[in-house]
Number of protein chains: 2
Amino acid sequence: MPRIDGYERVSGTAVFPLDVILPNMLYGAILRCPHAHATVKAVDTAKAREMPGVHAVLTDADPEAQIGWFSRPGSAGSGSPALSRLFDPHCRFEGEEVAAVAADSPQQAWDAVRAIRVEYEVLPFVSDMEAALKPGAPDVQEGGNRMGNPRETKRGDVEKGFAEADVVLEETYRTSCDIHTCVEAHGSVVQWDGDRLTVWDTNQGPFPIQAALAGALRMPLSKVRVISSYMGGGFGSKLNLGKYSVIAALMARKAARPVKLFLTREETFLAVGNRPAHIMKLKAGVKKDGTLTALQLTGVGEMGAYPAATAVGYQVGDLYKCPNVRIEETMAYINAGPNRAFRAPGFPQCSWALEQMMDALAEKIGMDPVDLRLKNISTVCQMDNNKPYTSTGLRECLSEGARAFNWKESRSRPKGEGPWVRGVGVAGGMWGSQNGPPATVIVKLYADGSANLNMGAADLGTGTKTVMAMIVAEELGVPMDRIQVENADTGNTQFTSQSGGSKTVYVDSPAVRAAALEVKSSLLDMAAAQLKVPAADLNFKDGEILAETGTQRLALRDLRQLQMQQAVVGVAVRGPVQSDKVVRPFVTHFAEVEVNTRTGEVRVVRMLAAHDSGRVMNLLTYRNQVFGGFIMGLGLATMERRILDPVTGKMANANWHDYKIPTAKDVPAQMTVLPIDLHDTECNTTGTKGIGEPAMIPSAAAIANAFYHATGVRITAAPITPSQVLTLLAERKTKG
Amino acid sequence: MPRIDGYERVSGTAVFPLDVILPNMLYGAILRCPHAHATVKAVDTAKAREMPGVHAVLTDADPEAQIGWFSRPGSAGSGSPALSRLFDPHCRFEGEEVAAVAADSPQQAWDAVRAIRVEYEVLPFVSDMEAALKPGAPDVQEGGNRMGNPRETKRGDVEKGFAEADVVLEETYRTSCDIHTCVEAHGSVVQWDGDRLTVWDTNQGPFPIQAALAGALRMPLSKVRVISSYMGGGFGSKLNLGKYSVIAALMARKAARPVKLFLTREETFLAVGNRPAHIMKLKAGVKKDGTLTALQLTGVGEMGAYPAATAVGYQVGDLYKCPNVRIEETMAYINAGPNRAFRAPGFPQCSWALEQMMDALAEKIGMDPVDLRLKNISTVCQMDNNKPYTSTGLRECLSEGARAFNWKESRSRPKGEGPWVRGVGVAGGMWGSQNGPPATVIVKLYADGSANLNMGAADLGTGTKTVMAMIVAEELGVPMDRIQVENADTGNTQFTSQSGGSKTVYVDSPAVRAAALEVKSSLLDMAAAQLKVPAADLNFKDGEILAETGTQRLALRDLRQLQMQQAVVGVAVRGPVQSDKVVRPFVTHFAEVEVNTRTGEVRVVRMLAAHDSGRVMNLLTYRNQVFGGFIMGLGLATMERRILDPVTGKMANANWHDYKIPTAKDVPAQMTVLPIDLHDTECNTTGTKGIGEPAMIPSAAAIANAFYHATGVRITAAPITPSQVLTLLAERKTKG
């Protein structure tokens, strides 16, 4: 089923926040600190204020800008202690907000920003987590560069486990800091209407944005309306309120005109999040028969300048059966933009380490990597008191995936004579589906049999609207092209949590089904009254109400009460589910890569992704999700990396020219999605578990394993760039 | 309580449909027939199509314009037989649609309209109802100029009644055709988004517009969204779909761009409705003691070129107790714009006749006009099987009104020596509150105690939003400034009927109350679960949940489930109420006028309006309604009149310069509203009966009676213009 808004999306008629144009609208621009670390001594806006077209200038000197900004991005308001102010005179990273301007045109706004004179005191900086944790490093935050105490998770006795092992390996893996680089930059269009604020904002769900904005501006929730019906990519970077939204709202109030404030591409590289770099020291013990005896992870994460914890240990503790586990994680501040959630926060990093380790262990004990994983499957959640999973499709992902990928044969095929050599790799993964906060959904059936679905959930482009409409179609027999969806508008749609954590379908679709059932039940009540038979004896099918005896039938157009009120409305709240089971999607990715031993080029030529995400709602958008996720992992594995200049601490590749992401030319020629279509009847009424994040978790690791298979060289530090490849191949030659 | 959107309205930030500006928007203009009666022989658009900026031209030759237009304005679609087409080649009135253009600017659109060459065959016309009903008159509609058979209502035996009377009077009264002249002209802004149509339309309720538009364009209801959150006056003329909306939608589809199509002031005078002129021959019999014995009305109404029945007889049959009644009404077609509902359709006309007649009867039997009315009060609905009224405040309106107006004393005060003479008059009235179709309302209480009211009802400027928000405030204890109202949007709000018939508060407010009660009940359920006490033992008051024992209390911020889901939603449907009683608001207006016997000037210097409309929800907006209604009646009585040129049949005063409406300078210096604040507990849960239309029903008649009291001359034909006054005064002198 193609996306129901496919036409709007491809024809350009869909109105994204960036497309919103309001009469009389001003354009905002933000002056950001150009230094990795500095304090603002003075801000002189006199010249900027007099420039043509300028209607508002905002700095830390404005009383209304005295808004505290708290530990999580997007948490603003009046509590304490604040970590920063809206325009904080202590700039802890390149790109922190210093001042802002609203003017008649973007050009005038930027000219005025450039005319603001700022006196900075440049401070020593630190832009590397290992350096940051050394004594004597410049403090990013008061109290040092260690974000709280290390987190520790323990199970069993790892020392005993390592002693029991036949093989113990230890390796340090590294991932780089990657940027979300959403196609649509971050930003808002804001409009005041009396005491009411309307915000067209690009985010992953408007309700938390509404709450955070109401908090920041000290307004009632009812007076803040956030609309996010279309958005152009988030990947976790649009879960939170941005300072830009607050700045736009304050300037709009000051100027008494609407303000559009969208960040430039460069600003999004610096200031709205990233996947933090990680160093993961992993030690693993295994018996000759493939039984894991112990896993020990010591991780350090590079959080950026403000707290935003991304932990990487979960899969070490839960994916494979292992009695002895120890995980210790440290988070370090550096002078760079803080991280935010990024598609399966921590999980692709963890896979990079754990799945390469599994590969190495398998080699050491002479076991097939698929078989080693099959040997260690758990059906209970070891991280949560051994509660059973609602369903465990990892075995099917591995075995059916291997069969479909032609794993055995591919593994033994000659690797080639060079310069191009080839190899195949496998990696597994899991995701922690969240129970999720409640969701309220309204379904309306019109008197002509068409329907309207009103839900709060944002559609990140993943096809949420389509999947939800399919449920309405399924329950009420309404053709898809007669269903209209309203979504992601705090004014007119109902609360749900953000689209993130791969939980949108999982949390919201049961509410959609329940609301549709409410509609059905109201229809039957109406028909019962009209036909004078008990509602229990009636069914609704194909737009008609049928008595069970089969003798009476009533078309919607003859249902008097419905015709009179033009529509019937069903509302349902899906509350948080109490369960003694744990919901987990599972995944296995297979990759085939070609490596040019002369140039260091790596290309992924074939992939297969086997997913257990519960019921497949819509194969087309399911496949899209998996392709997108795999390719994002390909970026992590082979090209993406934020580069901080060691001399200045400034980002050297804050643009799409220098920061490389996969393009159509990097996509594998052959891509296969193999859904393990297990309807998870225990987790909810639609049998779904979530696909968005699982889709990217193991792909980088599968590519790394395939690279090793092709070359015999283990690349522990992502990304696998040509220069790194050539260096490592040369090292092996030297050593060999 | 001031209007909650008062700031937006007075500051100009409220976005009325006319204010909607969309990127890339075109402007539409309609070519209208300049003749009172003609057929279109040929339309040549070649030149117009080539003019700069023109993107769409639409005529009857376009297949998509083949849309039938049915008996009621706004009833379009595929049924049969249609009365006209979208662009009908038979133009039955000056202003019928012939072609349309959409262009980059309004100027370009009008230039192109002027460049379209139309060949008309001009036909004989008729522009007067009496002429139209004579044999040999030109036929406006096939089948002649009589719209159906005369309608007849009979009760008792009028001949017997007249025989029993001590006094029988007969008089012929006339009212003119008046134009609604809303401040905001009629029009739409339309935008296609794939297969979905969004229409910002100025109307009195978007749901019937949605249904009619979906019918005309053969689209599912779910794909047509009509938004009417603000509108600038309707008075009945914006109850129906206009051809302009359909034309705009077709041109927008053709040009693949949004189209704004608003009528000019002149077009609204010609083509979007009026209050039809009426000739009412009324015969009445009364005993010396004031008992009415018989009433007989023979009415002719001037319908315009298409069917749109406005009957005038209702109050003759129901307002005063009378055993013998006969009403016969004929509707005549003429070559002029068809009428539409206009504030209490038929009732001000009827009052003009009936209340002047009551005045004349009182004089003949030497009784005070107030006393004659008090003598004939009915507490049952004589027009509906003598069912009792839910409440009857007419007695209080008359007696308390007379006391407050100082009636007896004013009546006997010297009238003056001239040229200025003065007099006082009284008139009564009633309105038929409609049961109304169902209404669905959603109330949302946010976790911070602020609230959102989602209702389909349009706010015509009467304060509907404010009154409905007050009910939410009353039930949930939310301060008014923390309530946000979303309304009149078929996409995001729920069905209700149009704001018309003075039924909005009456029909929708009980649904608002019920939805708020749903919210309350959900809150108590949540609290019961948290406190582990039965919900029945809990109360919600001032933002807190209290246990009846008084020992436990829970603030909203501590209600965990509410905080988790950010809001709780209550939905309620108010179904049509089955009742064996009849709901009727009652009214009495008192007026004091001054007449200049030398210049013919008439000025109303004092008025008092006593209303029984059930509970007064908001005195401020209640008074606004009454003042507006009274002044509109003043227009009917003294200045308003459509003038059709007898030579050409064209309207001679289709503009605000020549068509006079009351201005601030015509408003009485002293205006008093006396609410008879009877909570009508039998009619609904808010005790309301409706005020909008009663406010204008008897005011013209009260002015006419005051004019008679001042001058001794009975003016039976509205409006009482200076020239008519001077003619009649001169005639009396001649006769006298």
# chains A, B, ... in the order shown; residues from 1 in each chain; ligands from 1
call {"tool": "interface_residues", "arguments": {"of": "chain A", "to": "chain B", "cutoff": "7 Å", "atoms": "only C-alpha atoms", "output": "list of chain:residue names"}}
result
A:Tyr7, A:Glu8, A:Thr13, A:Ala14, A:Ile21, A:Pro23, A:Asp193, A:Gly194, A:Pro220, A:Leu221, A:Ser222, A:Lys223, A:Pro437, A:Pro438, A:Tyr446, A:Asp448, A:Ser450, A:Ala451, A:Asn452, A:Arg482, A:Ile483, A:Gln484, A:Asn492, A:Phe495, A:Met564, A:Gln565, A:Gln566, A:Ala567
call {"tool": "closest_residue", "arguments": {"among": "B:Glu267, B:Asp612, B:Glu64, B:Glu417", "to": "Asn655 (chain B)", "atoms": "only C-alpha atoms"}}
result
B:Glu267
call {"tool": "select_by_dssp", "arguments": {"residues": "region 536-621 of chain B", "states": "helix (DSSP H, G or I)", "output": "PyMOL selection string"}}
result
chain B and resi 536-537+556-558+560-565+619-621
call {"tool": "residues_around", "arguments": {"residues": "region 395-400 of chain B", "least_positions_apart": "5", "cutoff": "8 Å", "atoms": "only C-alpha atoms", "output": "JSON, numbers by chain"}}
result
{"B": [370, 373, 374, 377, 428, 586, 587, 588, 610, 611, 612, 676]}
call {"tool": "atom_distance", "arguments": {"atom1": "CA of Ala56 (chain B)", "atom2": "CA of Pro258 (chain B)"}}
result
11.5 Å
call {"tool": "residues_around", "arguments": {"residues": "Thr711 (chain A)", "least_positions_apart": "4", "cutoff": "12 Å", "atoms": "only C-alpha atoms", "output": "number ranges by chain"}}
result
A: 414-425, 593-598, 600, 602, 704-707, 715, 725-726, 728-730, 732-733
call {"tool": "write_last_selection", "arguments": {"atoms": "C-alpha atoms", "output": "PDB file, in the first residue's frame"}}
result
ATOM      1  CA  PRO A 414      36.436 -17.823  -3.311  1.00  0.00           C
ATOM      2  CA  LYS A 415      37.213 -14.324  -2.144  1.00  0.00           C
ATOM      3  CA  GLY A 416      38.937 -13.236  -5.342  1.00  0.00           C
ATOM      4  CA  GLU A 417      42.512 -12.548  -6.372  1.00  0.00           C
ATOM      5  CA  GLY A 418      42.496  -8.774  -6.036  1.00  0.00           C
ATOM      6  CA  PRO A 419      42.483  -5.947  -6.281  1.00  0.00           C
ATOM      7  CA  TRP A 420      38.779  -6.560  -5.555  1.00  0.00           C
ATOM      8  CA  VAL A 421      38.171  -9.151  -2.844  1.00  0.00           C
ATOM      9  CA  ARG A 422      34.844 -10.076  -1.399  1.00  0.00           C
ATOM     10  CA  GLY A 423      33.369 -11.466   1.763  1.00  0.00           C
ATOM     11  CA  VAL A 424      30.116 -11.922   3.663  1.00  0.00           C
ATOM     12  CA  GLY A 425      29.232 -11.104   7.221  1.00  0.00           C
ATOM     13  CA  VAL A 593      31.103  -6.441   0.550  1.00  0.00           C
ATOM     14  CA  GLU A 594      33.765  -5.904  -2.041  1.00  0.00           C
ATOM     15  CA  VAL A 595      37.052  -4.307  -0.969  1.00  0.00           C
ATOM     16  CA  ASN A 596      39.607  -2.874  -3.341  1.00  0.00           C
ATOM     17  CA  THR A 597      42.933  -3.742  -1.747  1.00  0.00           C
ATOM     18  CA  ARG A 598      44.708  -1.233  -3.957  1.00  0.00           C
ATOM     19  CA  GLY A 600      40.895   0.951  -0.058  1.00  0.00           C
ATOM     20  CA  VAL A 602      34.658  -0.649   0.252  1.00  0.00           C
ATOM     21  CA  ALA A 704      32.495  -4.891   9.293  1.00  0.00           C
ATOM     22  CA  ASN A 705      32.305  -8.666   9.604  1.00  0.00           C
ATOM     23  CA  ALA A 706      32.027  -9.023   5.848  1.00  0.00           C
ATOM     24  CA  PHE A 707      35.044  -6.737   5.495  1.00  0.00           C
ATOM     25  CA  ILE A 715      38.653  -2.841  11.512  1.00  0.00           C
ATOM     26  CA  VAL A 725      41.793   0.304   4.960  1.00  0.00           C
ATOM     27  CA  LEU A 726      45.071   0.926   3.154  1.00  0.00           C
ATOM     28  CA  LEU A 728      45.649  -1.594   8.009  1.00  0.00           C
ATOM     29  CA  LEU A 729      46.323  -3.697   4.915  1.00  0.00           C
ATOM     30  CA  ALA A 730      49.838  -2.274   4.818  1.00  0.00           C
ATOM     31  CA  ARG A 732      49.263  -6.623   8.018  1.00  0.00           C
ATOM     32  CA  LYS A 733      51.740  -6.935   5.170  1.00  0.00           C
TER      33      LYS A 733
END
call {"tool": "residues_around", "arguments": {"residues": "Arg32 (chain B)", "least_positions_apart": "4", "cutoff": "7 Å", "atoms": "only C-alpha atoms", "output": "PyMOL selection string"}}
result
chain B and resi 95-98
call {"tool": "atom_distance", "arguments": {"atom1": "CA of Lys660 (chain A)", "atom2": "CA of Tyr306 (chain A)"}}
result
25.6 Å
call {"tool": "atom_distance", "arguments": {"atom1": "CA of Asn203 (chain B)", "atom2": "CA of Gly234 (chain B)"}}
result
6.8 Å
call {"tool": "closest_residue", "arguments": {"among": "A:Thr181, A:Gln315, A:Asn376, A:Ser723", "to": "Thr291 (chain A)", "atoms": "only C-alpha atoms"}}
result
A:Asn376
call {"tool": "closest_residue", "arguments": {"among": "B:Thr686, B:Gln141, B:Asn653, B:Thr330", "to": "Val300 (chain B)", "atoms": "only C-alpha atoms"}}
result
B:Thr330
call {"tool": "residues_around", "arguments": {"residues": "His180 (chain B)", "least_positions_apart": "2", "cutoff": "12 Å", "atoms": "only C-alpha atoms", "output": "VMD selection string"}}
result
chain B and resid 177 to 178 182 to 186 232 to 238 265 268 to 276 339 to 343 345 632 635 to 636 640 to 642 654 to 656 659 to 661
call {"tool": "write_last_selection", "arguments": {"atoms": "C-alpha atoms", "output": "compact mmCIF listing (two decimals), in the first residue's frame"}}
result
# COMPACT_ATOMS: atom_id res chain seq x y z
CA CYS B 177 -37.03 43.37 0.15
CA ASP B 178 -34.01 43.93 2.41
CA CYS B 182 -22.81 41.40 5.98
CA VAL B 183 -19.62 43.31 6.71
CA GLU B 184 -17.60 40.42 5.28
CA ALA B 185 -18.60 39.67 1.70
CA HIS B 186 -19.28 36.07 0.68
CA GLY B 232 -17.90 38.47 9.42
CA GLY B 233 -21.67 38.33 9.63
CA GLY B 234 -24.22 36.04 8.05
CA PHE B 235 -27.74 36.74 9.31
CA GLY B 236 -28.93 33.71 7.33
CA SER B 237 -27.25 34.54 4.05
CA LYS B 238 -24.32 32.24 4.82
CA ARG B 265 -20.09 44.33 -2.39
CA THR B 268 -23.52 40.38 -2.60
CA PHE B 269 -26.42 42.80 -3.14
CA LEU B 270 -27.48 40.95 -6.27
CA ALA B 271 -26.83 37.29 -5.76
CA VAL B 272 -26.57 35.92 -2.25
CA GLY B 273 -29.97 36.47 -0.78
CA ASN B 274 -32.34 38.92 0.80
CA ARG B 275 -35.40 39.12 3.01
CA PRO B 276 -38.25 38.87 0.50
CA ASN B 339 -34.18 35.20 -1.07
CA ARG B 340 -32.44 33.33 1.69
CA ALA B 341 -33.10 32.98 5.37
CA PHE B 342 -32.75 36.41 7.01
CA ARG B 343 -32.76 36.78 10.81
CA PRO B 345 -37.29 34.41 8.37
CA MET B 632 -31.69 45.77 12.29
CA GLY B 635 -33.45 49.49 9.38
CA LEU B 636 -36.44 47.47 8.21
CA GLU B 640 -33.88 49.53 4.04
CA ARG B 641 -35.27 48.62 0.63
CA ARG B 642 -34.02 46.96 -2.53
CA ALA B 654 -26.73 47.69 -5.14
CA ASN B 655 -24.16 49.42 -2.95
CA TRP B 656 -23.74 50.81 0.52
CA TYR B 659 -28.84 51.20 0.03
CA LYS B 660 -29.20 52.69 3.50
CA ILE B 661 -28.63 50.75 6.68
call {"tool": "residues_around", "arguments": {"residues": "Val140 (chain A)", "least_positions_apart": "5", "cutoff": "7 Å", "atoms": "only C-alpha atoms", "output": "PyMOL selection string"}}
result
chain A and resi 92+145+305+333-335
call {"tool": "write_last_selection", "arguments": {"atoms": "N, CA and C atoms", "output": "compact mmCIF listing (two decimals), in the first residue's frame"}}
result
# COMPACT_ATOMS: atom_id res chain seq x y z
N ARG A 92 29.77 26.78 25.69
CA ARG A 92 30.56 25.56 25.88
C ARG A 92 30.81 24.79 24.60
N ASN A 145 34.66 16.85 33.80
CA ASN A 145 34.17 16.36 32.51
C ASN A 145 33.56 14.97 32.58
N ALA A 305 28.82 18.95 25.10
CA ALA A 305 29.00 19.93 26.17
C ALA A 305 27.92 19.90 27.24
N TYR A 333 32.12 14.83 29.05
CA TYR A 333 31.83 16.08 28.36
C TYR A 333 33.01 16.49 27.49
N ILE A 334 32.72 17.03 26.33
CA ILE A 334 33.75 17.73 25.55
C ILE A 334 33.15 19.03 25.03
N ASN A 335 33.98 19.92 24.51
CA ASN A 335 33.47 21.18 23.96
C ASN A 335 32.97 20.98 22.54
